[in-house]
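Asker: input27.cif is reproduced below (mmCIF, C-alpha atoms).
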data_upload
#
loop_
_atom_site.label_atom_id
_atom_site.label_comp_id
_atom_site.auth_asym_id
_atom_site.auth_seq_id
_atom_site.Cartn_x
_atom_site.Cartn_y
_atom_site.Cartn_z
CA MET X 235 67.56 20.59 -11.39
CA THR X 236 67.58 18.62 -14.52
CA ALA X 237 65.02 18.59 -17.29
CA SER X 238 63.68 15.23 -16.15
CA ASP X 239 63.12 16.64 -12.65
CA TRP X 240 61.09 19.51 -14.15
CA ILE X 241 59.11 17.06 -16.27
CA SER X 242 58.42 14.97 -13.16
CA ILE X 243 57.26 18.02 -11.21
CA ALA X 244 55.05 19.18 -14.12
CA GLY X 245 53.57 15.69 -14.41
CA THR X 246 52.80 15.56 -10.69
CA VAL X 247 51.19 19.03 -10.77
CA ALA X 248 49.12 18.05 -13.80
CA SER X 249 48.00 14.88 -12.02
CA VAL X 250 47.00 16.82 -8.90
CA VAL X 251 45.13 19.42 -10.99
CA GLY X 252 43.36 16.62 -12.88
CA LEU X 253 42.43 14.97 -9.59
CA VAL X 254 41.03 18.27 -8.23
CA PHE X 255 38.98 18.84 -11.40
CA SER X 256 37.69 15.27 -11.28
CA TRP X 257 36.61 15.70 -7.67
CA MET X 258 34.91 19.03 -8.50
CA ALA X 259 33.07 17.39 -11.40
CA TRP X 260 31.94 14.55 -9.12
CA VAL X 261 30.59 17.06 -6.55
CA GLN X 262 28.71 18.96 -9.25
CA ALA X 263 27.29 15.73 -10.67
CA ALA X 264 26.05 14.73 -7.21
CA LYS X 265 24.35 18.13 -6.82
CA ALA X 266 22.80 17.80 -10.28
CA LYS X 267 21.48 14.35 -9.40
CA VAL X 268 19.78 15.70 -6.28
CA ALA X 269 18.32 18.63 -8.24
CA ALA X 270 17.01 16.30 -10.95
CA LYS X 271 15.36 14.07 -8.34
CA GLU X 272 13.73 17.08 -6.68
CA ALA X 273 12.48 18.33 -10.05
CA ALA X 274 11.07 14.90 -10.90
CA ASP X 275 9.31 14.75 -7.51
CA ALA X 276 7.85 18.22 -8.08
CA VAL X 277 6.51 17.22 -11.49
CA ARG X 278 5.08 13.97 -10.09
CA THR X 279 3.40 15.86 -7.25
CA ARG X 280 1.91 18.43 -9.64
CA ASN X 281 0.64 15.67 -11.95
CA LEU X 282 -0.90 13.80 -9.02
CA SER X 283 -2.54 17.00 -7.86
CA HIS X 284 -4.13 17.46 -11.28
CA GLU X 285 -5.21 13.81 -11.49
CA PHE X 286 -6.81 13.75 -8.05
CA THR X 287 -8.60 17.01 -8.81
CA ARG X 288 -9.93 15.51 -12.05
CA TRP X 289 -10.99 12.35 -10.21
CA SER X 290 -12.79 14.34 -7.53
CA VAL X 291 -14.74 16.14 -10.29
CA ILE X 292 -15.81 12.73 -11.65
CA ALA X 293 -16.79 11.69 -8.11
CA ARG X 294 -18.93 14.85 -7.84
CA GLU X 295 -20.60 13.91 -11.15
CA LEU X 296 -21.22 10.41 -9.77
CA LEU X 297 -22.82 11.83 -6.64
CA GLY X 298 -25.03 14.17 -8.69
CA ALA X 299 -26.12 11.34 -10.98
CA VAL X 300 -27.05 9.20 -7.97
CA TRP X 301 -29.16 11.95 -6.39
CA GLN X 302 -30.86 12.70 -9.71
CA LEU X 303 -31.42 8.99 -10.41
CA HIS X 304 -29.49 9.08 -13.70
CA LEU X 305 -28.41 5.45 -13.75
CA GLU X 306 -26.39 5.60 -16.97
CA ASN X 307 -24.44 8.69 -15.90
CA ALA X 308 -23.77 7.10 -12.53
CA ARG X 309 -22.55 3.89 -14.19
CA ARG X 310 -20.27 5.85 -16.52
CA ALA X 311 -18.72 7.88 -13.71
CA ALA X 312 -18.27 4.86 -11.42
CA THR X 313 -16.73 2.81 -14.21
CA GLU X 314 -14.36 5.62 -15.15
CA LEU X 315 -13.22 6.11 -11.55
CA LEU X 316 -12.76 2.40 -10.97
CA GLY X 317 -10.80 2.18 -14.20
CA VAL X 318 -8.32 4.89 -13.31
CA LEU X 319 -7.97 4.04 -9.63
CA ALA X 320 -8.00 0.25 -9.61
CA LYS X 321 -6.39 -0.65 -12.90
CA ASN X 322 -3.76 2.05 -13.26
CA ARG X 323 -1.91 1.95 -10.00
CA GLY X 324 1.38 3.28 -11.40
CA TRP X 325 0.64 6.72 -9.95
CA GLN X 326 0.94 5.24 -6.45
CA ALA X 327 4.71 5.48 -6.77
CA GLY X 328 4.20 9.18 -6.15
CA LEU X 329 2.27 8.65 -2.95
CA LYS X 330 4.92 9.14 -0.31
CA ARG X 331 2.63 8.35 2.58
CA GLU X 332 1.16 4.93 3.20
CA SER X 333 -2.02 6.62 4.43
CA PHE X 334 -2.75 7.85 0.87
CA VAL X 335 -2.44 4.33 -0.48
CA LEU X 336 -4.81 3.10 2.22
CA GLU X 337 -7.25 5.94 1.46
CA VAL X 338 -7.25 5.06 -2.24
CA ASP X 339 -7.77 1.38 -1.42
CA GLU X 340 -10.80 2.35 0.66
CA ILE X 341 -12.12 4.52 -2.19
CA ILE X 342 -11.74 1.57 -4.57
CA ARG X 343 -13.61 -0.66 -2.11
CA LEU X 344 -16.49 1.85 -1.90
CA LEU X 345 -16.54 2.26 -5.68
CA SER X 346 -16.81 -1.50 -6.06
CA LEU X 347 -19.86 -1.49 -3.78
CA VAL X 348 -21.39 1.42 -5.69
CA SER X 349 -20.80 -0.39 -8.99
CA LYS X 350 -22.59 -3.46 -7.66
CA TYR X 351 -25.58 -1.29 -6.70
CA LEU X 352 -25.62 0.22 -10.18
CA THR X 353 -26.09 -3.11 -11.97
CA GLU X 354 -29.89 -3.02 -11.87
CA GLU X 355 -32.23 -0.05 -11.82
CA ALA X 356 -34.43 -1.50 -9.05
CA VAL X 357 -31.40 -2.03 -6.80
CA PHE X 358 -30.13 1.46 -7.71
CA GLU X 359 -33.41 3.14 -6.77
CA GLY X 360 -33.83 1.06 -3.62
CA LYS X 361 -30.35 1.75 -2.29
CA ARG X 362 -29.99 5.34 -3.46
CA ALA X 363 -29.40 6.73 0.05
CA LYS X 364 -26.63 4.21 0.79
CA ILE X 365 -25.07 4.72 -2.64
CA ALA X 366 -25.16 8.50 -2.12
CA GLU X 367 -23.51 8.08 1.28
CA HIS X 368 -20.67 6.07 -0.30
CA CYS X 369 -20.37 8.58 -3.14
CA GLU X 370 -20.09 11.47 -0.67
CA VAL X 371 -17.25 9.66 1.13
CA ILE X 372 -15.53 8.96 -2.20
CA PHE X 373 -15.84 12.59 -3.26
CA ARG X 374 -14.68 13.95 0.11
CA ARG X 375 -11.64 11.66 0.29
CA LEU X 376 -10.55 12.37 -3.28
CA ASN X 377 -10.95 16.08 -2.56
CA GLU X 378 -8.84 15.80 0.61
CA ILE X 379 -6.04 13.98 -1.21
CA SER X 380 -6.20 16.53 -4.03
CA GLY X 381 -5.98 19.36 -1.50
CA THR X 382 -2.96 17.80 0.15
CA PHE X 383 -1.18 17.57 -3.19
CA ASP X 384 -2.21 21.13 -4.05
CA ALA X 385 -0.62 22.31 -0.79
CA GLU X 386 2.57 20.41 -1.63
CA VAL X 387 2.67 21.98 -5.08
CA GLU X 388 2.36 25.43 -3.47
CA ARG X 389 5.37 24.70 -1.24
CA LEU X 390 7.51 23.65 -4.19
#
Show me, as structure tokens, the structure contained in the file I just sent.
Answerer:
Amino acid sequence: MTASDWISIAGTVASVVGLVFSWMAWVQAAKAKVAAKEAADAVRTRNLSHEFTRWSVIARELLGAVWQLHLENARRAATELLGVLAKNRGWQAGLKRESFVLEVDEIIRLLSLVSKYLTEEAVFEGKRAKIAEHCEVIFRRLNEISGTFDAEVERL
């Protein structure tokens, strides 16, 4: 064999080795991409769990304010919940199930009704039982969603 044959063989081996290393790097990158997506989903789920827990606490405060006839506290809690649920819908990207989106839409609808009832004190006092009923549903549904996310966080 001549020197050029050896150079050709060495070049071919180097090319094959480079191709193998490139393929191995591609496989590792694909695994890293999957791991990064799973980590991002876990963080999103944990954050949603915390947010829904916080929102259910506000809903409990709203319910308490309605039963105690504290109009200003009820208005504050209803306004805060409407603000975070209706106006900041970016968190819905983390809701993997359409049923959660529908649940939140129903909560927003009930909050809108409650907010209308809270506009005047006479209306508030006259419709307290109906407002309390809506507030209980809001609280229960936010709690259920929060619990579902808590369970997901535990599995992660």
Asker: Carefully work through the PyMOL selection byres ((chain X and resi 292) around 9) for this structure and note down the residues it includes, as a ChimeraX atom specification.
Answerer: /X:287-291,293-297,311-312,314-315,373
Asker: Expressed in Å to a single decimal, how great is the separation between CA of Leu376 in chain X and CA of Ile341 in chain X?
Answerer: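 Value for the CA of Leu376 in chain X-CA of Ile341 in chain X distance: 8.1 Å.
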Asker: In Å, with one decimal, what is the gap from CA of Leu303 in chain X to CA of Arg362 in chain X?
Answerer: 8.0 Å
Asker: Return the single residue from X:Val254, X:Lys321, X:Ile342, X:Gly245 that is closest to Cys369 in chain X, with distances computed using only C-alpha atoms.
Answerer: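 Comparing X:Val254, X:Lys321, X:Ile342, X:Gly245 against Cys369 in chain X, the winner is X:Ile342.
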Asker: With the file shown as input, list the residues that the PyMOL selection byres ((chain X and resi 366) around 9) selects, as a PyMOL selection string.
Answerer: chain X and resi 296-298+300-301+348+361-365+367-371
